[in-house]
file structure.tsv (TSV, C-alpha atoms)
chain	number	residue	atom	x	y	z
P	1	MET	CA	0.00	0.00	0.00
P	2	ILE	CA	1.39	3.40	-0.93
P	3	LEU	CA	1.87	5.56	2.16
P	4	LYS	CA	0.43	9.08	2.29
P	5	LYS	CA	2.45	12.11	3.32
P	6	LYS	CA	1.29	15.53	4.40
P	7	ALA	CA	-0.43	17.08	1.36
P	8	PHE	CA	0.85	20.16	-0.36
P	9	CYS	CA	-1.04	21.36	-3.40
P	10	ILE	CA	-4.73	22.04	-3.35
P	11	GLY	CA	-4.61	22.04	0.45
P	12	THR	CA	-2.19	24.96	0.38
P	13	ILE	CA	-4.34	26.81	-2.12
P	14	LEU	CA	-7.46	26.24	-0.04
P	15	LEU	CA	-5.81	27.89	2.95
P	16	LEU	CA	-4.72	30.86	0.88
P	17	TRP	CA	-8.11	31.18	-0.76
P	18	SER	CA	-10.07	30.98	2.50
P	19	GLY	CA	-7.82	33.66	4.00
P	20	CYS	CA	-8.46	35.87	1.02
P	21	LEU	CA	-12.23	35.47	1.40
P	22	LEU	CA	-12.03	36.44	5.08
P	23	THR	CA	-9.84	39.50	4.60
P	24	GLY	CA	-11.05	40.58	1.20
P	25	CYS	CA	-7.45	40.85	0.02
P	26	ALA	CA	-6.51	41.08	-3.61
P	27	PHE	CA	-3.47	39.28	-4.98
P	28	SER	CA	-1.23	41.39	-7.15
P	29	GLU	CA	-0.69	40.90	-10.80
P	30	GLY	CA	2.96	40.32	-9.93
P	31	ARG	CA	2.10	37.12	-8.06
P	32	LEU	CA	0.11	35.86	-11.05
P	33	GLU	CA	3.10	36.55	-13.27
P	34	LYS	CA	5.38	34.70	-10.84
P	35	GLU	CA	3.00	31.76	-10.75
P	36	GLU	CA	3.03	31.48	-14.53
P	37	ALA	CA	6.81	31.97	-14.66
P	38	TYR	CA	7.42	29.14	-12.17
P	39	ARG	CA	4.92	26.98	-14.07
P	40	ARG	CA	6.84	27.53	-17.32
P	41	ILE	CA	10.19	26.83	-15.61
P	42	GLY	CA	8.72	23.59	-14.26
P	43	ILE	CA	7.49	22.51	-17.70
P	44	ASN	CA	10.89	23.28	-19.23
P	45	ALA	CA	12.56	21.22	-16.51
P	46	MET	CA	10.22	18.32	-17.26
P	47	GLU	CA	11.09	18.48	-20.94
P	48	ALA	CA	14.75	18.31	-19.94
P	49	GLU	CA	13.88	15.31	-17.70
P	50	ASN	CA	15.01	17.22	-14.61
P	51	TYR	CA	12.01	16.13	-12.57
P	52	GLU	CA	13.19	17.21	-9.12
P	53	ALA	CA	13.72	20.75	-10.38
P	54	ALA	CA	10.32	20.61	-12.03
P	55	ILE	CA	8.61	19.61	-8.79
P	56	GLU	CA	10.34	22.42	-6.93
P	57	SER	CA	9.20	24.96	-9.54
P	58	PHE	CA	5.61	23.73	-9.45
P	59	ASN	CA	5.60	24.04	-5.66
P	60	LYS	CA	6.85	27.62	-5.96
P	61	ALA	CA	4.14	28.33	-8.52
P	62	LEU	CA	1.46	27.06	-6.17
P	63	GLU	CA	2.85	29.19	-3.35
P	64	GLN	CA	1.96	32.24	-5.45
P	65	ALA	CA	-1.67	31.15	-5.92
P	66	GLY	CA	-4.40	33.47	-4.72
P	67	GLY	CA	-7.24	31.05	-5.27
P	68	ILE	CA	-8.28	27.83	-6.95
P	69	GLY	CA	-8.72	27.95	-10.68
P	70	ALA	CA	-7.94	26.06	-13.84
P	71	ASN	CA	-4.31	27.20	-13.76
P	72	GLU	CA	-3.67	25.87	-10.25
P	73	VAL	CA	-5.32	22.55	-11.03
P	74	ASP	CA	-3.22	22.35	-14.22
P	75	ILE	CA	-0.04	22.95	-12.20
P	76	CYS	CA	-0.99	20.11	-9.87
P	77	TYR	CA	-1.40	17.77	-12.83
P	78	TYR	CA	2.06	18.71	-14.05
P	79	LYS	CA	3.46	18.25	-10.56
P	80	ALA	CA	1.96	14.76	-10.26
P	81	ALA	CA	3.37	13.81	-13.67
P	82	ALA	CA	6.83	15.03	-12.61
P	83	GLN	CA	6.59	13.09	-9.34
P	84	PHE	CA	5.61	9.94	-11.24
P	85	SER	CA	8.48	10.36	-13.70
P	86	ALA	CA	10.88	10.93	-10.82
P	87	GLY	CA	9.77	7.65	-9.26
P	88	SER	CA	8.10	9.40	-6.31
P	89	LEU	CA	4.92	7.38	-6.69
P	90	SER	CA	3.57	7.97	-3.20
P	91	ASP	CA	3.97	11.72	-3.73
P	92	ALA	CA	2.15	11.49	-7.06
P	93	VAL	CA	-0.73	9.66	-5.35
P	94	GLU	CA	-0.76	12.37	-2.68
P	95	THR	CA	-1.11	15.08	-5.31
P	96	TYR	CA	-3.98	13.26	-6.99
P	97	ASP	CA	-5.54	12.81	-3.53
P	98	THR	CA	-5.57	16.55	-3.02
P	99	LEU	CA	-7.04	17.14	-6.47
P	100	LEU	CA	-9.83	14.74	-5.54
P	101	GLU	CA	-10.36	16.50	-2.22
P	102	TYR	CA	-11.10	19.61	-4.27
P	103	ASP	CA	-13.31	17.76	-6.77
P	104	ARG	CA	-14.69	14.35	-5.80
P	105	GLU	CA	-15.97	13.74	-9.33
P	106	ASN	CA	-12.73	14.42	-11.18
P	107	ALA	CA	-12.60	11.51	-13.65
P	108	GLU	CA	-9.14	12.42	-14.94
P	109	ALA	CA	-7.61	12.44	-11.45
P	110	TYR	CA	-9.17	9.05	-10.65
P	111	PHE	CA	-7.83	7.61	-13.89
P	112	LEU	CA	-4.31	8.97	-13.41
P	113	ARG	CA	-4.16	7.87	-9.78
P	114	GLY	CA	-5.33	4.44	-10.94
P	115	CYS	CA	-2.44	4.33	-13.41
P	116	VAL	CA	0.02	5.06	-10.59
P	117	TYR	CA	-1.49	2.29	-8.48
P	118	LEU	CA	-1.27	-0.04	-11.48
P	119	SER	CA	2.43	0.68	-11.89
P	120	GLU	CA	2.84	-0.28	-8.22
P	121	LYS	CA	0.99	-3.59	-8.84
P	122	GLU	CA	-1.87	-2.35	-6.65
P	123	SER	CA	-4.42	-3.70	-9.11
P	124	ASP	CA	-7.37	-3.63	-6.70
P	125	LEU	CA	-6.85	0.06	-5.90
P	126	ALA	CA	-6.34	0.77	-9.59
P	127	GLN	CA	-9.61	-0.96	-10.47
P	128	GLU	CA	-11.48	1.08	-7.85
P	129	ASP	CA	-10.16	4.29	-9.35
P	130	PHE	CA	-10.86	3.18	-12.92
P	131	GLU	CA	-14.45	2.39	-12.01
P	132	LYS	CA	-14.89	5.87	-10.56
P	133	ALA	CA	-13.19	7.43	-13.57
P	134	ALA	CA	-15.66	5.68	-15.88
P	135	ARG	CA	-18.56	6.71	-13.66
P	136	TYR	CA	-17.73	10.41	-13.68
P	137	ALA	CA	-16.28	10.83	-17.19
P	138	SER	CA	-18.21	13.11	-19.51
P	139	ASP	CA	-17.46	11.03	-22.61
P	140	HIS	CA	-16.55	7.50	-23.61
P	141	GLU	CA	-12.87	8.14	-24.36
P	142	ILE	CA	-12.05	7.11	-20.80
P	143	TYR	CA	-13.00	3.49	-21.57
P	144	LEU	CA	-10.30	3.22	-24.23
P	145	ALA	CA	-7.77	4.88	-21.93
P	146	ILE	CA	-8.55	2.41	-19.14
P	147	TYR	CA	-8.38	-0.52	-21.55
P	148	ASN	CA	-4.96	0.59	-22.85
P	149	SER	CA	-3.62	0.97	-19.30
P	150	LEU	CA	-4.89	-2.41	-18.11
P	151	SER	CA	-3.91	-4.21	-21.28
P	152	GLY	CA	-0.43	-2.69	-21.23
P	153	ALA	CA	0.02	-3.86	-17.64
P	154	GLY	CA	-0.99	-7.43	-18.50
P	155	TYR	CA	-4.65	-7.25	-17.46
P	156	GLU	CA	-6.15	-7.80	-20.90
P	157	ALA	CA	-9.33	-9.52	-19.70
P	158	GLN	CA	-10.14	-6.75	-17.22
P	159	GLY	CA	-9.45	-4.17	-19.89
P	160	ARG	CA	-11.85	-5.86	-22.30
P	161	GLU	CA	-14.61	-5.46	-19.74
P	162	TYR	CA	-14.35	-1.70	-20.13
P	163	LEU	CA	-14.57	-1.99	-23.90
P	164	ASP	CA	-17.74	-4.03	-23.49
P	165	GLN	CA	-19.16	-1.38	-21.17
P	166	ALA	CA	-18.46	1.34	-23.72
P	167	LEU	CA	-20.21	-0.57	-26.50
P	168	LYS	CA	-23.30	-1.04	-24.31
P	169	LYS	CA	-23.58	2.67	-23.57
P	170	LYS	CA	-25.60	4.93	-25.86
P	171	ALA	CA	-23.41	7.29	-27.83
P	172	GLY	CA	-25.89	10.13	-27.55
P	173	LYS	CA	-25.17	13.31	-29.47
P	174	ARG	CA	-21.41	13.40	-28.92
P	175	ALA	CA	-19.46	12.76	-32.09
P	176	GLY	CA	-16.48	11.54	-30.05
P	177	ASN	CA	-18.52	8.74	-28.51
P	178	TYR	CA	-19.19	7.32	-31.98
P	179	THR	CA	-15.46	7.57	-32.66
P	180	VAL	CA	-14.76	5.53	-29.53
P	181	LYS	CA	-17.28	2.87	-30.53
P	182	GLY	CA	-15.75	2.70	-33.99
P	183	ARG	CA	-12.25	2.29	-32.58
P	184	ILE	CA	-13.41	-0.47	-30.26
P	185	TYR	CA	-15.14	-2.35	-33.06
P	186	PHE	CA	-11.93	-2.00	-35.07
P	187	LEU	CA	-9.93	-3.51	-32.20
P	188	GLU	CA	-12.35	-6.43	-32.16
P	189	GLY	CA	-11.98	-6.95	-35.92
P	190	ASN	CA	-15.56	-5.90	-36.70
P	191	TYR	CA	-14.60	-3.50	-39.48
P	192	GLU	CA	-18.12	-3.01	-40.85
P	193	GLN	CA	-19.45	-1.78	-37.50
P	194	ALA	CA	-16.29	0.25	-37.05
P	195	ALA	CA	-16.82	2.02	-40.36
P	196	GLU	CA	-20.51	2.63	-39.65
P	197	ASN	CA	-19.83	4.31	-36.30
P	198	LEU	CA	-16.86	6.28	-37.58
P	199	LYS	CA	-18.86	7.59	-40.53
P	200	THR	CA	-21.46	8.83	-38.05
P	201	ALA	CA	-18.70	10.49	-36.03
P	202	VAL	CA	-17.43	12.29	-39.14
P	203	GLU	CA	-20.95	13.40	-40.05
P	204	LYS	CA	-21.35	14.80	-36.54
P	205	GLY	CA	-18.19	16.84	-36.89
P	206	ASP	CA	-15.28	14.78	-35.53
P	207	VAL	CA	-12.63	15.41	-38.19
P	208	THR	CA	-10.08	13.15	-36.47
P	209	ALA	CA	-12.46	10.20	-36.92
P	210	ASN	CA	-11.43	10.29	-40.60
P	211	LEU	CA	-8.07	8.77	-39.64
P	212	TYR	CA	-9.67	5.79	-37.94
P	213	LEU	CA	-12.23	5.49	-40.71
P	214	ALA	CA	-9.37	5.31	-43.21
P	215	GLN	CA	-7.97	2.35	-41.27
P	216	ALA	CA	-11.36	0.65	-41.33
P	217	TYR	CA	-11.65	1.14	-45.08
P	218	GLU	CA	-8.12	-0.24	-45.55
P	219	ALA	CA	-9.11	-3.31	-43.55
P	220	LEU	CA	-12.22	-3.67	-45.71
P	221	GLY	CA	-10.10	-3.53	-48.87
P	222	ASP	CA	-11.30	-0.07	-49.93
P	223	PRO	CA	-8.16	2.07	-50.47
P	224	VAL	CA	-10.02	4.69	-52.49
P	225	ASN	CA	-12.30	5.67	-49.61
P	226	ALA	CA	-9.37	5.34	-47.22
P	227	ASP	CA	-7.41	7.96	-49.18
P	228	ALA	CA	-10.50	10.17	-49.34
P	229	CYS	CA	-10.75	10.10	-45.54
P	230	ILE	CA	-7.11	11.08	-45.14
P	231	ASP	CA	-7.54	13.89	-47.66
P	232	ALA	CA	-10.57	15.13	-45.70
P	233	TYR	CA	-8.47	15.24	-42.55
P	234	ILE	CA	-5.59	17.03	-44.27
P	235	GLU	CA	-7.97	19.64	-45.68
P	236	VAL	CA	-8.76	20.74	-42.11
P	237	TYR	CA	-5.30	20.09	-40.62
P	238	PRO	CA	-2.80	20.78	-43.44
P	239	ASP	CA	0.18	21.16	-41.08
P	240	SER	CA	-0.33	17.93	-39.16
P	241	SER	CA	2.11	15.01	-39.04
P	242	VAL	CA	-0.52	12.96	-40.87
P	243	ALA	CA	-0.55	15.49	-43.71
P	244	TYR	CA	3.23	15.43	-44.07
P	245	ASN	CA	3.18	11.64	-44.06
P	246	GLN	CA	0.60	11.58	-46.84
P	247	LEU	CA	2.58	14.12	-48.89
P	248	GLY	CA	5.70	12.02	-48.36
P	249	ARG	CA	3.92	8.85	-49.44
P	250	LYS	CA	2.73	10.50	-52.65
P	251	ALA	CA	6.24	11.72	-53.41
P	252	LEU	CA	7.59	8.24	-52.68
P	253	GLU	CA	5.08	6.66	-55.07
P	254	ALA	CA	6.07	9.21	-57.72
P	255	GLY	CA	9.74	8.31	-57.34
P	256	ASP	CA	10.72	11.72	-55.95
P	257	TYR	CA	12.71	10.36	-53.02
P	258	LYS	CA	14.35	13.66	-52.06
P	259	GLU	CA	10.93	15.28	-51.72
P	260	ALA	CA	9.60	12.27	-49.79
P	261	ILE	CA	12.49	12.42	-47.31
P	262	ALA	CA	11.93	16.14	-46.78
P	263	ARG	CA	8.21	15.70	-46.10
P	264	PHE	CA	8.71	12.78	-43.67
P	265	GLU	CA	11.40	14.70	-41.78
P	266	GLU	CA	9.16	17.78	-41.59
P	267	GLY	CA	6.41	15.66	-40.09
P	268	LEU	CA	8.74	14.19	-37.49
P	269	ALA	CA	10.03	17.66	-36.57
P	270	LEU	CA	6.58	18.90	-35.56
P	271	GLU	CA	5.88	19.56	-31.89
P	272	GLU	CA	2.99	17.07	-31.93
P	273	VAL	CA	3.51	13.85	-33.91
P	274	THR	CA	0.56	11.46	-33.84
P	275	ASN	CA	1.97	8.86	-36.26
P	276	GLU	CA	5.66	8.69	-35.39
P	277	GLN	CA	6.12	4.99	-36.12
P	278	GLU	CA	4.62	5.24	-39.60
P	279	LEU	CA	6.62	8.39	-40.42
P	280	ARG	CA	9.88	6.81	-39.30
P	281	SER	CA	9.17	3.62	-41.22
P	282	ASN	CA	8.39	5.58	-44.39
P	283	LEU	CA	11.49	7.75	-43.94
P	284	ILE	CA	13.65	4.63	-43.80
P	285	ALA	CA	12.00	3.33	-46.97
P	286	ALA	CA	12.62	6.65	-48.73
P	287	TYR	CA	16.33	6.56	-47.86
P	288	GLU	CA	16.53	2.94	-48.98
P	289	TYR	CA	14.83	3.67	-52.32
P	290	SER	CA	17.15	6.65	-52.81
P	291	GLY	CA	20.13	4.30	-52.51
P	292	ASP	CA	21.36	5.75	-49.22
P	293	PHE	CA	21.62	2.40	-47.42
P	294	GLY	CA	23.90	3.78	-44.75
P	295	ARG	CA	21.37	6.39	-43.61
P	296	ALA	CA	18.55	3.87	-43.92
P	297	ALA	CA	20.42	1.34	-41.75
P	298	ALA	CA	21.22	3.97	-39.11
P	299	TYR	CA	17.59	5.02	-38.84
P	300	MET	CA	16.46	1.39	-38.90
P	301	LYS	CA	18.77	0.56	-35.99
P	302	GLU	CA	17.03	3.24	-33.89
P	303	TYR	CA	13.63	2.14	-35.16
P	304	VAL	CA	13.95	-1.52	-34.13
P	305	GLU	CA	15.18	-0.42	-30.69
P	306	ASP	CA	12.15	1.85	-30.21
P	307	PHE	CA	9.62	-0.51	-31.82
P	308	PRO	CA	10.83	-4.06	-31.04
P	309	GLY	CA	7.41	-5.51	-31.84
P	310	ASP	CA	7.87	-5.02	-35.59
P	311	PRO	CA	9.38	-8.28	-36.95
P	312	ALA	CA	9.31	-7.04	-40.55
P	313	ALA	CA	11.52	-4.11	-39.56
P	314	ALA	CA	13.96	-6.46	-37.83
P	315	ARG	CA	14.25	-8.53	-41.01
P	316	GLU	CA	14.73	-5.39	-43.09
P	317	TYR	CA	17.47	-4.23	-40.71
P	318	ARG	CA	19.37	-7.47	-41.27
P	319	PHE	CA	18.99	-7.00	-45.03
P	320	LEU	CA	20.35	-3.46	-44.84
P	321	GLU	CA	23.32	-4.60	-42.76
P	322	LYS	CA	24.14	-7.26	-45.35
P	323	SER	CA	23.83	-4.69	-48.15
P	324	LEU	CA	26.28	-2.41	-46.34
P	325	ASP	CA	28.70	-5.31	-45.80
P	326	LYS	CA	28.63	-6.07	-49.53
P	327	GLU	CA	29.32	-2.42	-50.35
P	328	THR	CA	32.26	-2.41	-47.94
P	329	ASP	CA	33.67	-5.61	-49.44
P	330	ALA	CA	33.33	-4.17	-52.95
P	331	GLU	CA	35.33	-1.11	-51.96
call {"tool": "encode", "arguments": {"input": "structure.tsv", "output": "structure tokens"}}
result
Amino acid sequence: MILKKKAFCIGTILLLWSGCLLTGCAFSEGRLEKEEAYRRIGINAMEAENYEAAIESFNKALEQAGGIGANEVDICYYKAAAQFSAGSLSDAVETYDTLLEYDRENAEAYFLRGCVYLSEKESDLAQEDFEKAARYASDHEIYLAIYNSLSGAGYEAQGREYLDQALKKKAGKRAGNYTVKGRIYFLEGNYEQAAENLKTAVEKGDVTANLYLAQAYEALGDPVNADACIDAYIEVYPDSSVAYNQLGRKALEAGDYKEAIARFEEGLALEEVTNEQELRSNLIAAYEYSGDFGRAAAYMKEYVEDFPGDPAAAREYRFLEKSLDKETDAE
């Protein structure tokens, strides 16, 4: 059982806020600026994987707080993530505890605390939190998140139960709920039902559902509609990693390998990359087709280390190594 320590986060803010209500004091704009500055320093430290420094900065940010608002809650989420990454799991649980003291129906906090418990092999506590997360969540996306967490931790059967729950729930008017149903049907291999639900999601305005619908069409042997779905997504999000991947694929098919490499690399350089594995795989293919086996092999070496579950890539890596050996022998 993870031990609790004295809470510092929302509890601190509550004390500050209650004092402000009693005295009618007003916190200066300077303190708000300091809070945001410490928050940014903490985020930068997290990106640099300096988690202890990040935690310290988030604590300083919270010390500046004059009340409870979205910004303070956001800082606590960052703090908990830094604590988890630093291996301070009991502290991360403590931070989620204080978030839940502030809001007893916070589905996200229940889910994240459940993930911490799961990493500590406290599966019973994790399940309790996941059940509450599903109960209080405003949409069905939580069911997929819980499934992925349980499945990734080796609890596939328990994870499937949440998928079943999601399919039994009415999607209502939310486009995203139809997207979730479509994704679940796709996971189960029911591509017709997946396509039907994803088409409804697109019709209701979920542009991202086009990406999953494209996968369903591919599985159904309909590449024309699959490409149309991707084009529909790119039309709305022309600077996405998916768009650059599609542009790279078209260049690759046209034999313009230099252009393909440029597009794949541009996609990977974006701040948010939603299809990293596919982009990296295509980039390797582009270098290979261009005749640059050395660059292809170097990228493939990194790829198989990061994605060991791709046997085709492992075979291709061995082929590239042999090709390089032959070139060396020829020289």
call {"tool": "residues_around", "arguments": {"input": "structure.tsv", "residues": "range 127-134 of chain P", "least_positions_apart": "3", "cutoff": "9 Å", "atoms": "only C-alpha atoms", "output": "MDAnalysis selection string"}}
result
chainID P and resid 105:115 117:118 122:124 137:140 142:143 146 158 162
call {"tool": "closest_residue", "arguments": {"input": "structure.tsv", "among": "P:Val304, P:Ala296, P:Val242, P:Ala92", "to": "Ile261 in chain P", "atoms": "only C-alpha atoms"}}
result
P:Ala296
call {"tool": "residues_near_point", "arguments": {"input": "structure.tsv", "point": "(5.9, 33.6, -9.9)", "cutoff": "9 Å", "atoms": "all atoms listed in the file", "output": "list in words"}}
result
Gly30, Arg31, Leu32, Glu33, Lys34, Glu35, Glu36, Ala37, Tyr38, Arg39, Lys60, Ala61, Leu62, Glu63, Gln64 and Ala65 of chain P
call {"tool": "atom_distance", "arguments": {"input": "structure.tsv", "atom1": "CA of Leu198 in chain P", "atom2": "CA of Gly182 in chain P"}}
result
5.2 Å
call {"tool": "closest_residue", "arguments": {"input": "structure.tsv", "among": "P:Leu167, P:Ala243, P:Leu150, P:Ile55", "to": "Thr274 in chain P", "atoms": "all atoms listed in the file"}}
result
P:Ala243
call {"tool": "axis_aligned_box", "arguments": {"input": "structure.tsv", "around": "range 300-304 of chain P", "padding_each_side": "5 Å", "output": "lines of an AutoDock Vina configuration file"}}
result
center_x = 16.2
center_y = 0.9
center_z = -36.4
size_x = 15.1
size_y = 14.8
size_z = 15.0
call {"tool": "residues_around", "arguments": {"input": "structure.tsv", "residues": "Tyr237 in chain P", "least_positions_apart": "4", "cutoff": "12 Å", "atoms": "all atoms listed in the file", "output": "PyMOL selection string"}}
result
chain P and resi 207-208+210-211+230-233+241-244
call {"tool": "atom_distance", "arguments": {"input": "structure.tsv", "atom1": "CA of Val273 in chain P", "atom2": "CA of Ala195 in chain P"}}
result
24.4 Å
call {"tool": "closest_residue", "arguments": {"input": "structure.tsv", "among": "P:Glu203, P:Glu141, P:Glu161, P:Glu278", "to": "Ala313 in chain P", "atoms": "all atoms listed in the file"}}
result
P:Glu278
call {"tool": "closest_residue", "arguments": {"input": "structure.tsv", "among": "P:Lys199, P:Lys204, P:Lys250, P:Arg40", "to": "Tyr217 in chain P", "atoms": "only C-alpha atoms"}}
result
P:Lys199
